[in-house]
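Before any comments, here is the structure.
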Amino acid sequence: FSVGGRVLDQFRSSLKPEYVEALVCTRDWLFGNQVDSRCRIMVGFQNRYLVMEVFVDPNRGLTPDDPIIITQFNISKAIKGSILVNFGECGLASSLGSFQVKYVNPITKLCIIRASREAYQNVWSAITMVRSIGNCPVLFNLMNLSGSIKACKNAALKCDELKFEQYKLVVGDRLSTEVTQQMQNFIEKIKLLEH
């Protein structure tokens with residue numbers, strides 16, 4: 001650091017994303033949800049829940065050998081990368097406290113993303129900048145924005161059921177009982193979601 005002021009030298013100008021995430025997690029673990037250390041008041045995080053649909057490039061021509069790209073890990077990695085590129089390390093660090101991909105349905109391409117009330121606009125903006133997951137071009141579309149998990153679950157159930165009806169029309173007679181059972185499992189996952 002420079003003694004002349006608040007200037008970072010070239011060796012202290014950035015942290016790797018892994019270190020930022022570790023520091024944020026350590027802070028949360030040490031201090032919890034305390035509003036003020038003097039009064040020790042504990043409050044819950046106030047989150048926003050984004051129900052998003054993922055559009056995969058229809059010209060890609062996925063074959064059965066292609067790995068499934070719509071997973072919680074892959075979506076989370078793409079969004080964190082976009083936050084880092086568009087808002088820098090500080091933006092990433094401020095978003096990581098509550099950020100989580102809560103649910104992903106690879107059949108209907110629907111996902112639920114949680115972000116803190118303070119950072120959800122940055123997360124939402126970063127999501128709109130995501131252009132690919134892995135090597136597959138994708139676009140995200142916001143279906144619903146909720147301030148509670150209950151409202152989010154209701155919206156997600158409605159969207160997932162409508163999208164599955166569309167899926168059944170496209171697939172037609174090729175719809176297997178295995179896919180129908182998987183869809184029922186995903187619907188149950190939504191119903192069991194918690195903060």
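Going by the structure tokens order, chains are called A, B, ..., each with residues numbered from 1, while ligands are numbered from 1 in the order shown.
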| said: Residues within 12 Å of region 166-179 of chain A, please, as a ChimeraX atom specification. Count only C-alpha atoms; anything in the same chain fewer than 3 positions from it doesn't count. | reply: /A:105-109,159-163,182-186
Residue selection dump (all heavy atoms) as a short mmCIF file (atom, residue, chain, number, x, y, z; two decimals), in the first residue's frame:
```
data_model
loop_
_atom_site.label_atom_id
_atom_site.label_comp_id
_atom_site.auth_asym_id
_atom_site.auth_seq_id
_atom_site.Cartn_x
_atom_site.Cartn_y
_atom_site.Cartn_z
N ASN A 105 -34.52 -27.35 -13.44
CA ASN A 105 -35.21 -28.45 -14.10
C ASN A 105 -34.68 -28.53 -15.53
O ASN A 105 -35.00 -27.67 -16.36
CB ASN A 105 -36.72 -28.19 -14.11
CG ASN A 105 -37.51 -29.36 -14.68
OD1 ASN A 105 -36.99 -30.15 -15.46
ND2 ASN A 105 -38.76 -29.45 -14.30
N PRO A 106 -33.85 -29.54 -15.84
CA PRO A 106 -33.28 -29.63 -17.18
C PRO A 106 -34.31 -30.00 -18.26
O PRO A 106 -34.05 -29.81 -19.44
CB PRO A 106 -32.21 -30.71 -17.05
CG PRO A 106 -32.55 -31.47 -15.82
CD PRO A 106 -33.34 -30.58 -14.94
N ILE A 107 -35.48 -30.50 -17.84
CA ILE A 107 -36.52 -30.85 -18.82
C ILE A 107 -37.19 -29.58 -19.34
O ILE A 107 -37.30 -29.36 -20.54
CB ILE A 107 -37.56 -31.79 -18.19
CG1 ILE A 107 -36.90 -33.11 -17.76
CG2 ILE A 107 -38.70 -32.06 -19.17
CD1 ILE A 107 -37.78 -33.99 -16.91
N THR A 108 -37.64 -28.73 -18.42
CA THR A 108 -38.34 -27.50 -18.82
C THR A 108 -37.41 -26.29 -18.90
O THR A 108 -37.84 -25.22 -19.30
CB THR A 108 -39.46 -27.18 -17.82
OG1 THR A 108 -38.89 -26.99 -16.53
CG2 THR A 108 -40.49 -28.29 -17.79
N LYS A 109 -36.16 -26.46 -18.49
CA LYS A 109 -35.16 -25.38 -18.52
C LYS A 109 -35.55 -24.21 -17.61
O LYS A 109 -35.31 -23.06 -17.92
CB LYS A 109 -34.91 -24.85 -19.93
CG LYS A 109 -34.67 -25.89 -20.99
CD LYS A 109 -33.33 -26.57 -20.86
CE LYS A 109 -32.99 -27.43 -22.04
NZ LYS A 109 -33.59 -28.74 -22.05
N CYS A 159 -45.25 -22.02 -13.71
CA CYS A 159 -44.40 -21.95 -14.91
C CYS A 159 -43.93 -23.33 -15.34
O CYS A 159 -43.94 -23.67 -16.53
CB CYS A 159 -43.20 -21.05 -14.66
SG CYS A 159 -43.59 -19.31 -14.47
N ASP A 160 -43.49 -24.15 -14.37
CA ASP A 160 -42.97 -25.48 -14.69
C ASP A 160 -44.06 -26.35 -15.31
O ASP A 160 -43.81 -27.09 -16.26
CB ASP A 160 -42.40 -26.14 -13.44
CG ASP A 160 -40.99 -26.68 -13.65
OD1 ASP A 160 -40.45 -26.50 -14.75
OD2 ASP A 160 -40.45 -27.28 -12.72
N GLU A 161 -45.27 -26.29 -14.75
CA GLU A 161 -46.36 -27.10 -15.28
C GLU A 161 -46.72 -26.66 -16.70
O GLU A 161 -46.93 -27.50 -17.58
CB GLU A 161 -47.57 -27.03 -14.35
CG GLU A 161 -47.34 -27.80 -13.06
CD GLU A 161 -48.37 -27.52 -11.98
OE1 GLU A 161 -49.23 -26.61 -12.17
OE2 GLU A 161 -48.31 -28.21 -10.94
N LEU A 162 -46.77 -25.35 -16.95
CA LEU A 162 -47.07 -24.86 -18.30
C LEU A 162 -45.98 -25.24 -19.30
O LEU A 162 -46.26 -25.65 -20.43
CB LEU A 162 -47.25 -23.34 -18.28
CG LEU A 162 -48.53 -22.83 -17.61
CD1 LEU A 162 -48.50 -21.31 -17.50
CD2 LEU A 162 -49.77 -23.28 -18.38
N LYS A 163 -44.74 -25.12 -18.88
CA LYS A 163 -43.63 -25.47 -19.78
C LYS A 163 -43.61 -26.97 -20.06
O LYS A 163 -43.24 -27.40 -21.15
CB LYS A 163 -42.31 -24.98 -19.21
CG LYS A 163 -42.15 -23.47 -19.33
CD LYS A 163 -40.82 -22.96 -18.91
CE LYS A 163 -39.68 -23.36 -19.77
NZ LYS A 163 -39.64 -22.83 -21.13
N GLN A 182 -39.62 -38.17 -13.75
CA GLN A 182 -38.62 -37.17 -13.41
C GLN A 182 -39.29 -35.81 -13.21
O GLN A 182 -38.94 -35.08 -12.28
CB GLN A 182 -37.57 -37.05 -14.52
CG GLN A 182 -36.60 -38.18 -14.58
CD GLN A 182 -35.63 -38.03 -15.75
OE1 GLN A 182 -35.85 -37.23 -16.67
NE2 GLN A 182 -34.56 -38.81 -15.73
N MET A 183 -40.25 -35.48 -14.05
CA MET A 183 -40.95 -34.21 -13.92
C MET A 183 -41.70 -34.14 -12.60
O MET A 183 -41.69 -33.09 -11.94
CB MET A 183 -41.90 -34.03 -15.12
CG MET A 183 -42.51 -32.66 -15.18
SD MET A 183 -41.27 -31.38 -15.39
CE MET A 183 -42.21 -29.96 -14.89
N GLN A 184 -42.34 -35.22 -12.22
CA GLN A 184 -43.03 -35.25 -10.92
C GLN A 184 -42.05 -35.04 -9.78
O GLN A 184 -42.36 -34.35 -8.80
CB GLN A 184 -43.78 -36.58 -10.74
CG GLN A 184 -45.01 -36.71 -11.61
CD GLN A 184 -46.01 -35.59 -11.34
OE1 GLN A 184 -46.23 -35.19 -10.21
NE2 GLN A 184 -46.60 -35.07 -12.40
N ASN A 185 -40.85 -35.62 -9.89
CA ASN A 185 -39.82 -35.42 -8.87
C ASN A 185 -39.39 -33.95 -8.79
O ASN A 185 -39.18 -33.42 -7.70
CB ASN A 185 -38.60 -36.31 -9.15
CG ASN A 185 -38.91 -37.79 -8.99
OD1 ASN A 185 -39.90 -38.16 -8.36
ND2 ASN A 185 -38.08 -38.61 -9.58
N PHE A 186 -39.27 -33.30 -9.94
CA PHE A 186 -38.90 -31.88 -9.95
C PHE A 186 -40.00 -31.01 -9.33
O PHE A 186 -39.71 -30.07 -8.60
CB PHE A 186 -38.59 -31.40 -11.37
CG PHE A 186 -37.25 -31.87 -11.88
CD1 PHE A 186 -37.16 -32.69 -12.98
CD2 PHE A 186 -36.08 -31.49 -11.24
CE1 PHE A 186 -35.92 -33.13 -13.44
CE2 PHE A 186 -34.84 -31.92 -11.69
CZ PHE A 186 -34.77 -32.74 -12.80
#
```
| query | Which neighbours of region 66-83 of chain A fall inside 6 Å, counting only C-alpha atoms, when residues of the same chain fewer than 6 positions from it are skipped, and could you give them as a PyMOL selection string? | reply | chain A and resi 92+101+104+106+126-127+133
| request: Compile the contact shell of Leu145 (chain A) as JSON, numbers by chain: residues with an atom at most 8 Å away, counting only C-alpha atoms, same-chain residues fewer than 5 positions apart removed. | output: {"A": [48, 49, 50, 51, 152]}
| field | A:Leu110, A:Asn144, A:Lys102, A:Glu118 ranked by distance to Leu193 (chain A), top pick (using only C-alpha atoms) | value | A:Lys102
| request: Compile the contact shell of region 120-122 of chain A as a PyMOL selection string: residues with an atom at most 12 Å away, counting only C-alpha atoms, same-chain residues fewer than 2 positions apart removed. | output: chain A and resi 46-50+79-80+82-88+90-100+113-118+124-129+145-147
| query | Please, which residues of region 68-135 of chain A, numbered as in this document, come out strand (DSSP E or B) from DSSP, as a list of chain:residue names? | reply | A:Gln100, A:Val101, A:Lys102, A:Tyr103, A:Val104, A:Asn105, A:Leu110, A:Cys111, A:Ile112, A:Ile113, A:Arg114, A:Ala115, A:Ser116, A:Ser132, A:Ile133
| task | Give me the residues within 8 Å of Ile190 (chain A) as a list in words, counting only C-alpha atoms and dropping any in the same chain fewer than 3 places off. | result | Tyr103, Lys153, Ala156, Leu157, Phe186, Ile187 and Leu193 of chain A
Restrict the selected residues to N, CA and C atoms and save them as a tab-separated table (two decimals), in the first residue's frame.
```tsv
chain	number	residue	atom	x	y	z
A	103	TYR	N	-32.84	-24.21	-7.60
A	103	TYR	CA	-33.59	-25.26	-8.30
A	103	TYR	C	-33.30	-25.15	-9.79
A	153	LYS	N	-42.35	-20.19	-5.00
A	153	LYS	CA	-42.76	-21.58	-5.25
A	153	LYS	C	-44.04	-21.63	-6.08
A	156	ALA	N	-43.17	-20.64	-9.64
A	156	ALA	CA	-42.35	-21.68	-10.28
A	156	ALA	C	-43.18	-22.91	-10.62
A	157	LEU	N	-44.07	-23.30	-9.73
A	157	LEU	CA	-44.95	-24.45	-10.01
A	157	LEU	C	-45.80	-24.19	-11.25
A	186	PHE	N	-39.27	-33.30	-9.94
A	186	PHE	CA	-38.90	-31.88	-9.95
A	186	PHE	C	-40.00	-31.01	-9.33
A	187	ILE	N	-41.26	-31.36	-9.60
A	187	ILE	CA	-42.38	-30.62	-9.00
A	187	ILE	C	-42.33	-30.76	-7.47
A	193	LEU	N	-38.90	-26.62	-1.33
A	193	LEU	CA	-37.90	-25.55	-1.23
A	193	LEU	C	-38.09	-24.73	0.06
```
